[in-house]
$ cat start-v9.csv   # CSV, N, CA and C atoms
chain,number,residue,atom,x,y,z
K,1,MET,N,71.1,-85.6,-62.8
K,1,MET,CA,70.8,-85.2,-61.4
K,1,MET,C,71.5,-86.2,-60.5
K,2,ASN,N,72.1,-85.7,-59.4
K,2,ASN,CA,72.8,-86.5,-58.4
K,2,ASN,C,71.8,-86.9,-57.3
K,3,ASN,N,70.7,-86.4,-57.3
K,3,ASN,CA,69.7,-86.7,-56.2
K,3,ASN,C,68.7,-87.7,-56.8
K,4,PRO,N,68.7,-88.9,-56.4
K,4,PRO,CA,67.8,-89.9,-57.0
K,4,PRO,C,66.3,-89.6,-56.7
K,5,GLU,N,66.0,-89.0,-55.5
K,5,GLU,CA,64.6,-88.6,-55.2
K,5,GLU,C,64.1,-87.5,-56.2
K,6,ALA,N,65.0,-86.5,-56.5
K,6,ALA,CA,64.6,-85.4,-57.4
K,6,ALA,C,64.4,-86.0,-58.8
K,7,ALA,N,65.3,-86.9,-59.2
K,7,ALA,CA,65.2,-87.5,-60.5
K,7,ALA,C,63.9,-88.3,-60.6
K,8,ALA,N,63.5,-89.0,-59.6
K,8,ALA,CA,62.2,-89.8,-59.6
K,8,ALA,C,61.1,-88.8,-59.7
K,9,SER,N,61.1,-87.8,-58.9
K,9,SER,CA,60.0,-86.8,-58.9
K,9,SER,C,59.9,-86.1,-60.2
K,10,SER,N,61.0,-85.8,-60.9
K,10,SER,CA,60.9,-85.2,-62.2
K,10,SER,C,60.3,-86.1,-63.2
K,11,SER,N,60.7,-87.4,-63.1
K,11,SER,CA,60.1,-88.4,-64.0
K,11,SER,C,58.6,-88.5,-63.8
K,12,ALA,N,58.2,-88.6,-62.6
K,12,ALA,CA,56.8,-88.7,-62.3
K,12,ALA,C,56.0,-87.5,-62.7
K,13,ASN,N,56.6,-86.3,-62.6
K,13,ASN,CA,55.9,-85.1,-63.0
K,13,ASN,C,55.8,-85.1,-64.6
K,14,ARG,N,56.8,-85.5,-65.3
K,14,ARG,CA,56.7,-85.6,-66.7
K,14,ARG,C,55.6,-86.6,-67.2
K,15,ALA,N,55.5,-87.7,-66.4
K,15,ALA,CA,54.5,-88.7,-66.8
K,15,ALA,C,53.1,-88.2,-66.6
K,16,VAL,N,52.9,-87.5,-65.5
K,16,VAL,CA,51.6,-86.9,-65.2
K,16,VAL,C,51.2,-85.9,-66.2
K,17,PHE,N,52.2,-85.0,-66.6
K,17,PHE,CA,51.9,-84.0,-67.6
K,17,PHE,C,51.6,-84.6,-68.9
K,18,GLY,N,52.4,-85.6,-69.3
K,18,GLY,CA,52.2,-86.3,-70.6
K,18,GLY,C,50.8,-87.0,-70.7
K,19,ARG,N,50.3,-87.6,-69.6
K,19,ARG,CA,49.0,-88.2,-69.6
K,19,ARG,C,47.9,-87.1,-69.7
K,20,ARG,N,48.1,-85.9,-69.1
K,20,ARG,CA,47.2,-84.8,-69.3
K,20,ARG,C,47.2,-84.3,-70.7
K,21,LEU,N,48.3,-84.2,-71.4
K,21,LEU,CA,48.4,-83.8,-72.8
K,21,LEU,C,47.6,-84.8,-73.6
K,22,ARG,N,47.9,-86.0,-73.4
K,22,ARG,CA,47.2,-87.1,-74.2
K,22,ARG,C,45.7,-87.0,-74.0
K,23,GLU,N,45.2,-86.8,-72.8
K,23,GLU,CA,43.8,-86.7,-72.5
K,23,GLU,C,43.2,-85.5,-73.3
K,24,LEU,N,43.9,-84.3,-73.2
K,24,LEU,CA,43.4,-83.1,-73.9
K,24,LEU,C,43.4,-83.3,-75.4
K,25,ARG,N,44.4,-83.9,-75.9
K,25,ARG,CA,44.6,-84.1,-77.4
K,25,ARG,C,43.5,-85.1,-77.9
K,26,GLU,N,43.2,-86.1,-77.2
K,26,GLU,CA,42.2,-87.1,-77.6
K,26,GLU,C,40.8,-86.4,-77.5
K,27,ARG,N,40.6,-85.7,-76.4
K,27,ARG,CA,39.3,-85.0,-76.3
K,27,ARG,C,39.1,-84.0,-77.5
K,28,ALA,N,40.2,-83.4,-78.0
K,28,ALA,CA,40.1,-82.5,-79.1
K,28,ALA,C,40.0,-83.2,-80.4
K,29,GLY,N,40.1,-84.5,-80.4
K,29,GLY,CA,40.0,-85.3,-81.6
K,29,GLY,C,41.2,-85.2,-82.5
K,30,LEU,N,42.4,-84.9,-82.0
K,30,LEU,CA,43.6,-84.7,-82.8
K,30,LEU,C,44.6,-85.8,-82.7
K,31,THR,N,45.4,-86.0,-83.7
K,31,THR,CA,46.5,-86.9,-83.7
K,31,THR,C,47.7,-86.2,-83.1
K,32,GLN,N,48.7,-87.0,-82.7
K,32,GLN,CA,49.9,-86.5,-82.3
K,32,GLN,C,50.6,-85.6,-83.4
K,33,THR,N,50.5,-86.1,-84.6
K,33,THR,CA,51.1,-85.4,-85.7
K,33,THR,C,50.4,-84.0,-85.9
K,34,ALA,N,49.1,-83.9,-85.9
K,34,ALA,CA,48.4,-82.7,-86.1
K,34,ALA,C,48.7,-81.7,-84.9
K,35,THR,N,48.7,-82.3,-83.7
K,35,THR,CA,48.9,-81.4,-82.5
K,35,THR,C,50.3,-80.8,-82.6
K,36,ALA,N,51.3,-81.7,-82.8
K,36,ALA,CA,52.7,-81.2,-82.9
K,36,ALA,C,52.8,-80.2,-84.0
K,37,ALA,N,52.3,-80.4,-85.2
K,37,ALA,CA,52.5,-79.5,-86.3
K,37,ALA,C,51.8,-78.1,-85.9
K,38,GLY,N,50.6,-78.2,-85.4
K,38,GLY,CA,49.9,-77.0,-85.0
K,38,GLY,C,50.6,-76.2,-84.0
K,39,ALA,N,51.3,-76.8,-83.1
K,39,ALA,CA,52.1,-76.1,-82.0
K,39,ALA,C,53.5,-75.8,-82.4
K,40,GLY,N,53.9,-76.2,-83.6
K,40,GLY,CA,55.2,-75.9,-84.1
K,40,GLY,C,56.3,-76.8,-83.5
K,41,LEU,N,55.9,-78.0,-83.2
K,41,LEU,CA,56.8,-79.0,-82.6
K,41,LEU,C,57.0,-80.2,-83.6
K,42,ASN,N,58.1,-80.9,-83.4
K,42,ASN,CA,58.4,-82.1,-84.1
K,42,ASN,C,57.5,-83.2,-83.6
K,43,ARG,N,56.9,-84.1,-84.4
K,43,ARG,CA,56.0,-85.1,-83.9
K,43,ARG,C,56.7,-86.1,-82.9
K,44,SER,N,57.9,-86.5,-83.2
K,44,SER,CA,58.6,-87.4,-82.3
K,44,SER,C,58.9,-86.8,-81.0
K,45,PHE,N,59.2,-85.5,-81.0
K,45,PHE,CA,59.5,-84.8,-79.8
K,45,PHE,C,58.2,-84.7,-79.0
K,46,TYR,N,57.1,-84.3,-79.6
K,46,TYR,CA,55.8,-84.3,-78.9
K,46,TYR,C,55.4,-85.6,-78.3
K,47,ALA,N,55.6,-86.7,-79.1
K,47,ALA,CA,55.3,-88.0,-78.6
K,47,ALA,C,56.1,-88.3,-77.3
K,48,GLY,N,57.4,-87.9,-77.3
K,48,GLY,CA,58.2,-88.1,-76.1
K,48,GLY,C,57.7,-87.3,-74.9
K,49,VAL,N,57.1,-86.1,-75.2
K,49,VAL,CA,56.5,-85.3,-74.1
K,49,VAL,C,55.3,-86.1,-73.5
K,50,GLU,N,54.4,-86.6,-74.4
K,50,GLU,CA,53.2,-87.3,-74.0
K,50,GLU,C,53.6,-88.6,-73.2
K,51,ALA,N,54.7,-89.2,-73.6
K,51,ALA,CA,55.1,-90.4,-73.0
K,51,ALA,C,55.9,-90.2,-71.7
K,52,GLY,N,56.2,-88.9,-71.4
K,52,GLY,CA,56.9,-88.6,-70.1
K,52,GLY,C,58.4,-88.8,-70.2
K,53,ARG,N,58.9,-88.9,-71.4
K,53,ARG,CA,60.3,-89.1,-71.6
K,53,ARG,C,61.1,-87.8,-71.8
K,54,THR,N,60.3,-86.8,-72.2
K,54,THR,CA,61.0,-85.5,-72.6
K,54,THR,C,60.2,-84.4,-71.9
K,55,SER,N,61.0,-83.4,-71.5
K,55,SER,CA,60.5,-82.1,-71.0
K,55,SER,C,60.2,-81.1,-72.1
K,56,ILE,N,59.3,-80.3,-71.9
K,56,ILE,CA,59.0,-79.2,-72.9
K,56,ILE,C,59.3,-77.9,-72.3
K,57,ALA,N,59.8,-77.0,-73.1
K,57,ALA,CA,60.1,-75.6,-72.6
K,57,ALA,C,58.8,-74.8,-72.3
K,58,VAL,N,58.9,-74.0,-71.3
K,58,VAL,CA,57.7,-73.2,-70.9
K,58,VAL,C,57.2,-72.3,-72.1
K,59,ASP,N,58.1,-71.8,-72.9
K,59,ASP,CA,57.7,-70.9,-74.0
K,59,ASP,C,57.0,-71.6,-75.1
K,60,ARG,N,57.0,-73.0,-75.1
K,60,ARG,CA,56.2,-73.7,-76.1
K,60,ARG,C,54.8,-74.0,-75.6
K,61,LEU,N,54.5,-73.8,-74.3
K,61,LEU,CA,53.2,-74.2,-73.8
K,61,LEU,C,52.0,-73.4,-74.3
K,62,PRO,N,52.1,-72.0,-74.5
K,62,PRO,CA,51.0,-71.3,-75.0
K,62,PRO,C,50.5,-71.8,-76.4
K,63,GLY,N,51.4,-72.1,-77.3
K,63,GLY,CA,51.1,-72.7,-78.6
K,63,GLY,C,50.4,-74.0,-78.5
K,64,LEU,N,50.9,-74.8,-77.6
K,64,LEU,CA,50.3,-76.1,-77.4
K,64,LEU,C,48.9,-76.0,-76.8
K,65,ALA,N,48.7,-75.1,-75.8
K,65,ALA,CA,47.4,-74.9,-75.3
K,65,ALA,C,46.4,-74.4,-76.4
K,66,LYS,N,46.9,-73.5,-77.2
K,66,LYS,CA,46.0,-73.0,-78.3
K,66,LYS,C,45.6,-74.1,-79.2
K,67,MET,N,46.6,-74.9,-79.6
K,67,MET,CA,46.3,-76.0,-80.5
K,67,MET,C,45.3,-77.0,-79.9
K,68,LEU,N,45.3,-77.2,-78.6
K,68,LEU,CA,44.4,-78.1,-77.9
K,68,LEU,C,43.1,-77.5,-77.6
K,69,GLY,N,43.0,-76.2,-77.8
K,69,GLY,CA,41.7,-75.5,-77.5
K,69,GLY,C,41.4,-75.3,-76.1
K,70,VAL,N,42.5,-75.1,-75.3
K,70,VAL,CA,42.3,-74.9,-73.8
K,70,VAL,C,43.1,-73.7,-73.4
K,71,GLU,N,42.8,-73.2,-72.2
K,71,GLU,CA,43.5,-72.2,-71.6
K,71,GLU,C,44.8,-72.8,-71.0
K,72,LEU,N,45.9,-72.0,-70.9
K,72,LEU,CA,47.2,-72.5,-70.5
K,72,LEU,C,47.1,-73.2,-69.2
K,73,TYR,N,46.4,-72.7,-68.2
K,73,TYR,CA,46.3,-73.4,-66.9
K,73,TYR,C,45.7,-74.8,-67.0
K,74,GLN,N,44.9,-75.0,-68.0
K,74,GLN,CA,44.2,-76.3,-68.1
K,74,GLN,C,45.2,-77.4,-68.5
K,75,LEU,N,46.4,-77.0,-69.0
K,75,LEU,CA,47.4,-78.1,-69.2
K,75,LEU,C,47.8,-78.7,-67.9
K,76,PHE,N,47.6,-78.0,-66.8
K,76,PHE,CA,48.1,-78.5,-65.5
K,76,PHE,C,47.1,-78.9,-64.5
K,77,THR,N,45.8,-78.9,-64.9
K,77,THR,CA,44.7,-79.2,-64.0
K,77,THR,C,43.9,-80.3,-64.7
K,78,SER,N,43.3,-81.1,-63.8
K,78,SER,CA,42.4,-82.2,-64.4
K,78,SER,C,40.9,-81.7,-64.2
K,79,ASP,N,40.1,-82.2,-65.0
K,79,ASP,CA,38.7,-81.8,-65.0
K,79,ASP,C,37.9,-82.6,-64.0

$ encode --input "start-v9.csv" --output "structure tokens"
Amino acid sequence: MNNPEAAASSSANRAVFGRRLRELRERAGLTQTATAAGAGLNRSFYAGVEAGRTSIAVDRLPGLAKMLGVELYQLFTSD
């Protein structure tokens, strides 16, 4: 990205989403390995998503929500 503000915003959004995933995973009592495997993801990739380093494709989100036992929209909302 050539726009530093957009890059910072994207990074911040990934961090917020990653924290939400970690919260939901821990609430479900799952490890990163189990969550990733159940959602059809590589564990190191999933760890990067949780850490806010990596973006995840939209088409992977339904499987992730199912594995975490939540509705899709709950990946983006806090309780």

$ residues_around --input "start-v9.csv" --residues "Arg22 in chain K" --least-positions-apart "4" --cutoff "8 Å" --atoms "only N, CA and C atoms" --output "list in words"
Val16, Phe17, Gly18, Glu26, Arg27, Ala28, Val49, Glu50 and Ala51 of chain K

$ write_last_selection --input "start-v9.csv" --atoms "N, CA and C atoms" --output "CSV table (one decimal), in the frame of the given file"
chain,number,residue,atom,x,y,z
K,16,VAL,N,52.9,-87.5,-65.5
K,16,VAL,CA,51.6,-86.9,-65.2
K,16,VAL,C,51.2,-85.9,-66.2
K,17,PHE,N,52.2,-85.0,-66.6
K,17,PHE,CA,51.9,-84.0,-67.6
K,17,PHE,C,51.6,-84.6,-68.9
K,18,GLY,N,52.4,-85.6,-69.3
K,18,GLY,CA,52.2,-86.3,-70.6
K,18,GLY,C,50.8,-87.0,-70.7
K,26,GLU,N,43.2,-86.1,-77.2
K,26,GLU,CA,42.2,-87.1,-77.6
K,26,GLU,C,40.8,-86.4,-77.5
K,27,ARG,N,40.6,-85.7,-76.4
K,27,ARG,CA,39.3,-85.0,-76.3
K,27,ARG,C,39.1,-84.0,-77.5
K,28,ALA,N,40.2,-83.4,-78.0
K,28,ALA,CA,40.1,-82.5,-79.1
K,28,ALA,C,40.0,-83.2,-80.4
K,49,VAL,N,57.1,-86.1,-75.2
K,49,VAL,CA,56.5,-85.3,-74.1
K,49,VAL,C,55.3,-86.1,-73.5
K,50,GLU,N,54.4,-86.6,-74.4
K,50,GLU,CA,53.2,-87.3,-74.0
K,50,GLU,C,53.6,-88.6,-73.2
K,51,ALA,N,54.7,-89.2,-73.6
K,51,ALA,CA,55.1,-90.4,-73.0
K,51,ALA,C,55.9,-90.2,-71.7

$ closest_residue --input "start-v9.csv" --among "K:Phe76, K:Ala15, K:Ile56, K:Arg25" --to "Leu41 in chain K" --atoms "only C-alpha atoms"
K:Ile56

$ closest_residue --input "start-v9.csv" --among "K:Gly38, K:Leu75, K:Tyr46, K:Gly29" --to "Leu61 in chain K" --atoms "only C-alpha atoms"
K:Leu75

$ atom_distance --input "start-v9.csv" --atom1 "atom N of Gly40 in chain K" --atom2 "CA of Ala57 in chain K"
12.6 Å

$ closest_residue --input "start-v9.csv" --among "K:Ala6, K:Ala47, K:Leu24, K:Ala12" --to "Leu68 in chain K" --atoms "all atoms listed in the file"
K:Leu24

$ closest_residue --input "start-v9.csv" --among "K:Ala34, K:Ala7, K:Asn13, K:Ser44" --to "Met67 in chain K" --atoms "only N, CA and C atoms"
K:Ala34

$ select_by_dssp --input "start-v9.csv" --residues "chain K" --states "helix (DSSP H, G or I)" --output "MDAnalysis selection string"
chainID K and resid 4:27 32:38 43:50 58:68 72:75

$ write_last_selection --input "start-v9.csv" --atoms "N, CA and C atoms" --output "compact mmCIF listing (two decimals), keeping the file's coordinate frame"
# COMPACT_ATOMS: atom_id res chain seq x y z
N PRO K 4 68.70 -88.90 -56.40
CA PRO K 4 67.80 -89.90 -57.00
C PRO K 4 66.30 -89.60 -56.70
N GLU K 5 66.00 -89.00 -55.50
CA GLU K 5 64.60 -88.60 -55.20
C GLU K 5 64.10 -87.50 -56.20
N ALA K 6 65.00 -86.50 -56.50
CA ALA K 6 64.60 -85.40 -57.40
C ALA K 6 64.40 -86.00 -58.80
N ALA K 7 65.30 -86.90 -59.20
CA ALA K 7 65.20 -87.50 -60.50
C ALA K 7 63.90 -88.30 -60.60
N ALA K 8 63.50 -89.00 -59.60
CA ALA K 8 62.20 -89.80 -59.60
C ALA K 8 61.10 -88.80 -59.70
N SER K 9 61.10 -87.80 -58.90
CA SER K 9 60.00 -86.80 -58.90
C SER K 9 59.90 -86.10 -60.20
N SER K 10 61.00 -85.80 -60.90
CA SER K 10 60.90 -85.20 -62.20
C SER K 10 60.30 -86.10 -63.20
N SER K 11 60.70 -87.40 -63.10
CA SER K 11 60.10 -88.40 -64.00
C SER K 11 58.60 -88.50 -63.80
N ALA K 12 58.20 -88.60 -62.60
CA ALA K 12 56.80 -88.70 -62.30
C ALA K 12 56.00 -87.50 -62.70
N ASN K 13 56.60 -86.30 -62.60
CA ASN K 13 55.90 -85.10 -63.00
C ASN K 13 55.80 -85.10 -64.60
N ARG K 14 56.80 -85.50 -65.30
CA ARG K 14 56.70 -85.60 -66.70
C ARG K 14 55.60 -86.60 -67.20
N ALA K 15 55.50 -87.70 -66.40
CA ALA K 15 54.50 -88.70 -66.80
C ALA K 15 53.10 -88.20 -66.60
N VAL K 16 52.90 -87.50 -65.50
CA VAL K 16 51.60 -86.90 -65.20
C VAL K 16 51.20 -85.90 -66.20
N PHE K 17 52.20 -85.00 -66.60
CA PHE K 17 51.90 -84.00 -67.60
C PHE K 17 51.60 -84.60 -68.90
N GLY K 18 52.40 -85.60 -69.30
CA GLY K 18 52.20 -86.30 -70.60
C GLY K 18 50.80 -87.00 -70.70
N ARG K 19 50.30 -87.60 -69.60
CA ARG K 19 49.00 -88.20 -69.60
C ARG K 19 47.90 -87.10 -69.70
N ARG K 20 48.10 -85.90 -69.10
CA ARG K 20 47.20 -84.80 -69.30
C ARG K 20 47.20 -84.30 -70.70
N LEU K 21 48.30 -84.20 -71.40
CA LEU K 21 48.40 -83.80 -72.80
C LEU K 21 47.60 -84.80 -73.60
N ARG K 22 47.90 -86.00 -73.40
CA ARG K 22 47.20 -87.10 -74.20
C ARG K 22 45.70 -87.00 -74.00
N GLU K 23 45.20 -86.80 -72.80
CA GLU K 23 43.80 -86.70 -72.50
C GLU K 23 43.20 -85.50 -73.30
N LEU K 24 43.90 -84.30 -73.20
CA LEU K 24 43.40 -83.10 -73.90
C LEU K 24 43.40 -83.30 -75.40
N ARG K 25 44.40 -83.90 -75.90
CA ARG K 25 44.60 -84.10 -77.40
C ARG K 25 43.50 -85.10 -77.90
N GLU K 26 43.20 -86.10 -77.20
CA GLU K 26 42.20 -87.10 -77.60
C GLU K 26 40.80 -86.40 -77.50
N ARG K 27 40.60 -85.70 -76.40
CA ARG K 27 39.30 -85.00 -76.30
C ARG K 27 39.10 -84.00 -77.50
N GLN K 32 48.70 -87.00 -82.70
CA GLN K 32 49.90 -86.50 -82.30
C GLN K 32 50.60 -85.60 -83.40
N THR K 33 50.50 -86.10 -84.60
CA THR K 33 51.10 -85.40 -85.70
C THR K 33 50.40 -84.00 -85.90
N ALA K 34 49.10 -83.90 -85.90
CA ALA K 34 48.40 -82.70 -86.10
C ALA K 34 48.70 -81.70 -84.90
N THR K 35 48.70 -82.30 -83.70
CA THR K 35 48.90 -81.40 -82.50
C THR K 35 50.30 -80.80 -82.60
N ALA K 36 51.30 -81.70 -82.80
CA ALA K 36 52.70 -81.20 -82.90
C ALA K 36 52.80 -80.20 -84.00
N ALA K 37 52.30 -80.40 -85.20
CA ALA K 37 52.50 -79.50 -86.30
C ALA K 37 51.80 -78.10 -85.90
N GLY K 38 50.60 -78.20 -85.40
CA GLY K 38 49.90 -77.00 -85.00
C GLY K 38 50.60 -76.20 -84.00
N ARG K 43 56.90 -84.10 -84.40
CA ARG K 43 56.00 -85.10 -83.90
C ARG K 43 56.70 -86.10 -82.90
N SER K 44 57.90 -86.50 -83.20
CA SER K 44 58.60 -87.40 -82.30
C SER K 44 58.90 -86.80 -81.00
N PHE K 45 59.20 -85.50 -81.00
CA PHE K 45 59.50 -84.80 -79.80
C PHE K 45 58.20 -84.70 -79.00
N TYR K 46 57.10 -84.30 -79.60
CA TYR K 46 55.80 -84.30 -78.90
C TYR K 46 55.40 -85.60 -78.30
N ALA K 47 55.60 -86.70 -79.10
CA ALA K 47 55.30 -88.00 -78.60
C ALA K 47 56.10 -88.30 -77.30
N GLY K 48 57.40 -87.90 -77.30
CA GLY K 48 58.20 -88.10 -76.10
C GLY K 48 57.70 -87.30 -74.90
N VAL K 49 57.10 -86.10 -75.20
CA VAL K 49 56.50 -85.30 -74.10
C VAL K 49 55.30 -86.10 -73.50
N GLU K 50 54.40 -86.60 -74.40
CA GLU K 50 53.20 -87.30 -74.00
C GLU K 50 53.60 -88.60 -73.20
N VAL K 58 58.90 -74.00 -71.30
CA VAL K 58 57.70 -73.20 -70.90
C VAL K 58 57.20 -72.30 -72.10
N ASP K 59 58.10 -71.80 -72.90
CA ASP K 59 57.70 -70.90 -74.00
C ASP K 59 57.00 -71.60 -75.10
N ARG K 60 57.00 -73.00 -75.10
CA ARG K 60 56.20 -73.70 -76.10
C ARG K 60 54.80 -74.00 -75.60
N LEU K 61 54.50 -73.80 -74.30
CA LEU K 61 53.20 -74.20 -73.80
C LEU K 61 52.00 -73.40 -74.30
N PRO K 62 52.10 -72.00 -74.50
CA PRO K 62 51.00 -71.30 -75.00
C PRO K 62 50.50 -71.80 -76.40
N GLY K 63 51.40 -72.10 -77.30
CA GLY K 63 51.10 -72.70 -78.60
C GLY K 63 50.40 -74.00 -78.50
N LEU K 64 50.90 -74.80 -77.60
CA LEU K 64 50.30 -76.10 -77.40
C LEU K 64 48.90 -76.00 -76.80
N ALA K 65 48.70 -75.10 -75.80
CA ALA K 65 47.40 -74.90 -75.30
C ALA K 65 46.40 -74.40 -76.40
N LYS K 66 46.90 -73.50 -77.20
CA LYS K 66 46.00 -73.00 -78.30
C LYS K 66 45.60 -74.10 -79.20
N MET K 67 46.60 -74.90 -79.60
CA MET K 67 46.30 -76.00 -80.50
C MET K 67 45.30 -77.00 -79.90
N LEU K 68 45.30 -77.20 -78.60
CA LEU K 68 44.40 -78.10 -77.90
C LEU K 68 43.10 -77.50 -77.60
N LEU K 72 45.90 -72.00 -70.90
CA LEU K 72 47.20 -72.50 -70.50
C LEU K 72 47.10 -73.20 -69.20
N TYR K 73 46.40 -72.70 -68.20
CA TYR K 73 46.30 -73.40 -66.90
C TYR K 73 45.70 -74.80 -67.00
N GLN K 74 44.90 -75.00 -68.00
CA GLN K 74 44.20 -76.30 -68.10
C GLN K 74 45.20 -77.40 -68.50
N LEU K 75 46.40 -77.00 -69.00
CA LEU K 75 47.40 -78.10 -69.20
C LEU K 75 47.80 -78.70 -67.90

$ closest_residue --input "start-v9.csv" --among "K:Arg14, K:Arg43, K:Arg20, K:Arg53" --to "Val70 in chain K" --atoms "only C-alpha atoms"
K:Arg20

$ closest_residue --input "start-v9.csv" --among "K:Ser55, K:Asp79, K:Ala65, K:Glu23" --to "Ser10 in chain K" --atoms "only C-alpha atoms"
K:Ser55
